[in-house]
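Visitor: Below are the structure tokens for one structure; questions will follow.
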Amino acid sequence: MHIHLTLNGEQTTWDTAPHELLLTALRRAGMWSVKHGCETGECGACAVLLDGKLINTCTRLAVQAHGAAIETLEHLAPDQPGRRDNDLHAPSPQATLHPLQRAFIETGAIQCGFCTPAQLLAAKALLDQNSEPDEAQVREAIAGVLCRCTGYARPVQAVLRAAAQLRGEPVPPVEMPAITVGGLADQQPHAPPDDTPEFPDDSFGGRPVDTLTRTRLPVMVVAQPETHVVNKAETKVDAVKLAKGRPVFTDDMTLPGMLHAALLTSPHAHARIRSIEVAAARALEGVHAVLTHQDVSRVMYASGGQSYPQPHPYDQVSLDSKVRHVGDRVAVVAAETPEIAQRALALIEVDYDVLPAVLDPLAAMQEGAPQIHDEADAVGIHDAAHNRSHHIHVKHGDLEKGFAEAAWTFEHEYRVHQVQQAAIEPHACITYWDEDDRLVVRTSTQVPFHVRRIIAPLLACPCAASASSSRASAVASAANRKCSWRTSAHI
Ligand code: FES
Ligand code: FES
């Protein structure tokens with residue numbers, strides 16, 4: 001069906017399906033500043049101005065925009081042909097930016113930048129109505145756009161600064177606190193204190209450990225001369241493109257002929273897969289692959305591998321014949337569209353032998369509790385029979401002395417729930433073989449070298465043999481051994 005609307009000041013007609021989300025239609029129209037976050041109306045990253053009001057586009061159908069005027073961040077400061085806005089060394093690179101964008105950059109209100117387009121639009125909607133808002137009004141205006149990395153102090157400062165500029169008032173340069181390392185200039189080189197802990201030999205389950213990572217590191221503090229850059233606040237190098245909402249995140253990428261993956265996940269907390277039937281899914285037109293535990297190599301890995309060597313336990317495989325939580329991976333489909341991939345998932349038949357589950361951490365450690373990891377090939381589980389995957393003992397200072405000297409002591413048992421950092425950017429991944437037969441992995445991560453180290457063995461990629469924690473060696477190895485790892489995200 002056809003709908004007519006005004007998009008960023010231009011009359012336009014869209015051919016849209018009745019069920020298409022406004023979010024999808026806008027991104028299909030090239031409005032990449034409209035970010036795809038939670039898809040459930042909670043994060044606000046997908047917000048645009050519809051007839052001047054901030055609305056979420058993931059909870060609205062495109063047809064509901066018929067006859068409306070939509071404004072996205074692309075309209076705030078349109079790109080000018082031939083102008084390189086993101087060249088910070090060109091004269092006045094920020095001259096083409098809106099005062100709000102400039103203020104966000106100047107105040108350091110942008111970290112990953114995923115929430116920035118919607119925050120800027122929320123601020124614009126406010127300033128269009130109220131040229132002299134107070135702090136509470138700014139906070140209220142941007143409250144619907146969640147930011148998990150910058151927080152709100154800097155964006156509020158940025159909006160108040162932009163408002164003053166738009167009123168024609170002079171604004172002072174933004175003062176950034178210099179980073180100081182306590183009395184750096186006065187410090188003399190010194191050795192580590194005597195109680196610096198050594199890692200025991202078996203910290204990493206007996207796997208080969210680099211001497212430098214196991215033994216005490218000498219701490220050397222040396223006075224440094226004053227420089228123009230080091231120890232000074234700087235404009236973020238990617239701030240301009242983020243302030244313009246350009247397509248820089250993995251989810252913003254599309255490639256010719258790209259296939260879309262979808263996961264079939266477990267409805268059970270604990271079950272063994274007796275059989276899994278995928279013939280109908282494979283036969284569906286547009287499906288290119290359906291993988292189960294029968295199709296992938298069984299390579300054990302540690303999912304929490306943000307260090308080198310990776311600490312134990314190695315208790316995961318890509319796809320297993322057993323599921324250990326609701327949502328555990330059962331099968332993966334690759335198809336020409338996300339819709340075909342979803343239809344294929346519905347055609348997979350799984351026969352589960354449902355096992356007793358453990359739902360409480362203390363009950364899980366009792367004698368006779370159902371054993372979640374009973375696989376024989378797991379490596380380094382601390383006490384698999386009692387479902388204790390890892391054991392960490394931390395001691396710092398003299399505990400008895402601390403209690404003896406304390407004015408008050410309290411004893412209680414505390415429990416915390418599982419914590420997720422809740423990045424607004426979705427976890428996404430695009431891979432392809434490049435022109436030199438290198439596997440390129442573009443994914444939402446801060447640490448491409450960790451991603452490479454964990455994925456390479458699973459794919460039996462030769463660079464797995466040299467995987468290390470060093471970014472430099474990751475790049476060098478990638479160039480030599482047919483693996484390339486890029487990060488497009490900043491979570
Ligand atoms: S509110 Fe729409 S993506 Fe989160
Ligand atoms: S800068 Fe706000 S979510 Fe990252």
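Just so we're on the same page: first chain in the structure tokens is A, next is B, and so on; residues restart at 1 for each chain, and ligands are numbered from 1 in the order they show up.
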Could I get the residues of chain A with an atom no further than 12 Å from an atom of ligand 2, each paired with its nearest atom pair and that distance in Å to one decimal, using only C-alpha atoms and all ligand atoms, sorted by chain and residue number, as a Markdown table?

Guide:
| residue | atom | partner | partner_atom_place_in_ligand_line | distance |
| --- | --- | --- | --- | --- |
| A:Lys35 | CA | ligand 2 | 3 (S) | 10.9 |
| A:Gly37 | CA | ligand 2 | 3 (S) | 9.9 |
| A:Cys38 | CA | ligand 2 | 3 (S) | 12.0 |
| A:Cys43 | CA | ligand 2 | 3 (S) | 9.2 |
| A:Gly44 | CA | ligand 2 | 3 (S) | 10.3 |
| A:Ala45 | CA | ligand 2 | 3 (S) | 8.4 |
| A:Phe104 | CA | ligand 2 | 1 (S) | 10.5 |
| A:Ile105 | CA | ligand 2 | 1 (S) | 11.5 |
| A:Gly108 | CA | ligand 2 | 1 (S) | 9.8 |
| A:Ala109 | CA | ligand 2 | 1 (S) | 7.3 |
| A:Ile110 | CA | ligand 2 | 1 (S) | 4.9 |
| A:Gln111 | CA | ligand 2 | 1 (S) | 4.1 |
| A:Cys112 | CA | ligand 2 | 4 (Fe) | 3.9 |
| A:Gly113 | CA | ligand 2 | 1 (S) | 4.3 |
| A:Phe114 | CA | ligand 2 | 3 (S) | 5.1 |
| A:Cys115 | CA | ligand 2 | 2 (Fe) | 4.4 |
| A:Thr116 | CA | ligand 2 | 2 (Fe) | 6.1 |
| A:Pro117 | CA | ligand 2 | 2 (Fe) | 9.5 |
| A:Ala118 | CA | ligand 2 | 2 (Fe) | 9.6 |
| A:Gln119 | CA | ligand 2 | 2 (Fe) | 8.5 |
| A:Leu120 | CA | ligand 2 | 2 (Fe) | 11.1 |
| A:Ile142 | CA | ligand 2 | 2 (Fe) | 11.2 |
| A:Ala143 | CA | ligand 2 | 2 (Fe) | 11.7 |
| A:Gly144 | CA | ligand 2 | 2 (Fe) | 12.0 |
| A:Val145 | CA | ligand 2 | 2 (Fe) | 8.4 |
| A:Leu146 | CA | ligand 2 | 3 (S) | 6.6 |
| A:Cys147 | CA | ligand 2 | 2 (Fe) | 3.6 |
| A:Arg148 | CA | ligand 2 | 3 (S) | 4.5 |
| A:Cys149 | CA | ligand 2 | 4 (Fe) | 4.4 |
| A:Thr150 | CA | ligand 2 | 1 (S) | 4.9 |
| A:Gly151 | CA | ligand 2 | 2 (Fe) | 6.8 |
| A:Tyr152 | CA | ligand 2 | 2 (Fe) | 8.6 |
| A:Ala153 | CA | ligand 2 | 2 (Fe) | 11.5 |
| A:Arg154 | CA | ligand 2 | 1 (S) | 10.3 |
| A:Pro155 | CA | ligand 2 | 2 (Fe) | 9.3 |
| A:Ala239 | CA | ligand 2 | 1 (S) | 10.5 |
| A:Leu242 | CA | ligand 2 | 1 (S) | 9.3 |
| A:Ala243 | CA | ligand 2 | 1 (S) | 10.3 |
| A:Gly245 | CA | ligand 2 | 1 (S) | 11.8 |
| A:Phe249 | CA | ligand 2 | 4 (Fe) | 11.7 |
| A:Gln421 | CA | ligand 2 | 3 (S) | 10.8 |
| A:Ala422 | CA | ligand 2 | 3 (S) | 9.2 |
| A:Ala423 | CA | ligand 2 | 3 (S) | 6.6 |
| A:Ile424 | CA | ligand 2 | 3 (S) | 5.5 |
| A:Glu425 | CA | ligand 2 | 3 (S) | 7.4 |
| A:Pro426 | CA | ligand 2 | 3 (S) | 11.0 |
| A:Ala489 | CA | ligand 2 | 4 (Fe) | 9.8 |
| A:His490 | CA | ligand 2 | 4 (Fe) | 7.6 |
| A:Ile491 | CA | ligand 2 | 4 (Fe) | 6.8 |

Visitor: Could you write out, as a PyMOL selection string, all the residues of range 293-366 of chain A that DSSP marks as helix (DSSP H, G or I)?

Guide: chain A and resi 338-346+361-364

Visitor: Would you save the residues of that selection, restricted to N, CA and C atoms, as a short mmCIF file (atom, residue, chain, number, x, y, z; two decimals), in the first residue's frame?

Guide:
data_model
loop_
_atom_site.label_atom_id
_atom_site.label_comp_id
_atom_site.auth_asym_id
_atom_site.auth_seq_id
_atom_site.Cartn_x
_atom_site.Cartn_y
_atom_site.Cartn_z
N PRO A 338 15.12 -12.13 6.96
CA PRO A 338 14.82 -12.50 8.35
C PRO A 338 13.49 -13.25 8.45
N GLU A 339 12.54 -12.89 7.59
CA GLU A 339 11.22 -13.54 7.67
C GLU A 339 11.33 -15.02 7.27
N ILE A 340 12.10 -15.31 6.20
CA ILE A 340 12.26 -16.73 5.79
C ILE A 340 12.98 -17.48 6.91
N ALA A 341 13.97 -16.86 7.52
CA ALA A 341 14.70 -17.52 8.60
C ALA A 341 13.75 -17.87 9.75
N GLN A 342 12.85 -16.97 10.07
CA GLN A 342 11.89 -17.25 11.14
C GLN A 342 10.95 -18.38 10.75
N ARG A 343 10.51 -18.38 9.48
CA ARG A 343 9.62 -19.46 9.04
C ARG A 343 10.34 -20.81 9.12
N ALA A 344 11.62 -20.82 8.78
CA ALA A 344 12.39 -22.06 8.83
C ALA A 344 12.51 -22.57 10.27
N LEU A 345 12.70 -21.65 11.21
CA LEU A 345 12.80 -22.07 12.62
C LEU A 345 11.54 -22.82 13.04
N ALA A 346 10.38 -22.34 12.56
CA ALA A 346 9.11 -22.95 12.95
C ALA A 346 8.97 -24.36 12.37
N PRO A 361 20.72 -20.87 43.35
CA PRO A 361 22.16 -21.17 43.42
C PRO A 361 22.54 -22.01 44.63
N LEU A 362 21.89 -21.80 45.78
CA LEU A 362 22.27 -22.59 46.96
C LEU A 362 21.78 -24.03 46.82
N ALA A 363 20.55 -24.19 46.31
CA ALA A 363 20.04 -25.55 46.09
C ALA A 363 20.90 -26.28 45.07
N ALA A 364 21.41 -25.53 44.08
CA ALA A 364 22.22 -26.15 43.03
C ALA A 364 23.51 -26.74 43.57
#

Visitor: Compile the contact shell of Leu263 in chain A as a PyMOL selection string: residues with an atom at most 12 Å away, counting only C-alpha atoms, same-chain residues fewer than 2 positions apart removed.

Guide: chain A and resi 260-261+265-266+289-292+318-319+327-335+338+341-346+348

Visitor: With only C-alpha atoms and all ligand atoms as the basis for distance, which of A:Glu42, A:Glu20, A:Glu106, A:Asp315 is at the shortest distance from ligand 1?

Guide: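 Comparing A:Glu42, A:Glu20, A:Glu106, A:Asp315 against ligand 1, the winner is A:Glu42.
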
Visitor: For range 25-27 of chain A, find every residue with an atom within 10 Å (counting only C-alpha atoms), except residues of its own chain fewer than 2 positions away, and show them as a PyMOL selection string.

Guide: chain A and resi 7+14-17+20-23+29-36+46+48+57+61-63+70+72+252

Visitor: Run DSSP on the backbone and give me the residues of range 9-101 of chain A it puts in strand (DSSP E), as a PyMOL selection string.

Guide: chain A and resi 10-15+48-50+53-55+69-71

Visitor: Would you export the selected residues with C-alpha atoms as a PDB file, in the first residue's frame, please?

Guide:
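In the end it all went to part_39.pdb:
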ATOM      1  CA  GLU A  10      10.375  16.669   1.327  1.00  0.00           C
ATOM      2  CA  GLN A  11       7.036  15.270   0.144  1.00  0.00           C
ATOM      3  CA  THR A  12       7.458  11.541  -0.318  1.00  0.00           C
ATOM      4  CA  THR A  13       5.447   8.412  -1.087  1.00  0.00           C
ATOM      5  CA  TRP A  14       6.256   5.031   0.426  1.00  0.00           C
ATOM      6  CA  ASP A  15       5.180   1.617  -0.763  1.00  0.00           C
ATOM      7  CA  VAL A  48      12.043  10.731  15.595  1.00  0.00           C
ATOM      8  CA  LEU A  49       9.950  13.881  15.568  1.00  0.00           C
ATOM      9  CA  LEU A  50       6.482  13.218  14.163  1.00  0.00           C
ATOM     10  CA  LYS A  53       6.634  15.418  18.880  1.00  0.00           C
ATOM     11  CA  LEU A  54       9.178  12.831  19.932  1.00  0.00           C
ATOM     12  CA  ILE A  55       7.823   9.316  19.272  1.00  0.00           C
ATOM     13  CA  ALA A  69       5.659  15.268   8.858  1.00  0.00           C
ATOM     14  CA  ILE A  70       8.664  13.313  10.124  1.00  0.00           C
ATOM     15  CA  GLU A  71      11.996  14.817  11.055  1.00  0.00           C
TER      16      GLU A  71
END

Visitor: Could you give me, as a list of chain:residue names, the residues within 6 Å of Pro313 in chain A, counting only C-alpha atoms and dropping anything in the same chain fewer than 6 positions from it?

Guide: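 The residues satisfying every condition are A:Ala302, A:Val379, A:Gly380, A:Ile381.
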
Visitor: Suppose you want the space between CA of Arg453 in chain A and CA of Arg438 in chain A; what is it in Å?

Guide: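 Spanning CA of Arg453 in chain A to CA of Arg438 in chain A is a straight-line distance of 15.4 Å.
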
Visitor: List the spatial neighbours of Met300 in chain A as a list in words - criterion: any atom at most 7 Å away, only C-alpha atoms, same-chain residues fewer than 3 positions off excluded.

Guide: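 Once the adjacent positions are removed, what remains is Tyr314, Asp315, Gln316, Val317 and Ala378 of chain A.
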
Visitor: Can you pull out the residues contacting Leu459 in chain A? Cut-off 10 Å, using only C-alpha atoms, and skip same-chain residues under 4 positions away; I want them as a ChimeraX atom specification.

Guide: /A:296-297,299,318,454-455,464

Visitor: Between CA of His386 in chain A and CA of Asp374 in chain A, what is the distance, to one decimal in Å?

Guide: 10.5 Å
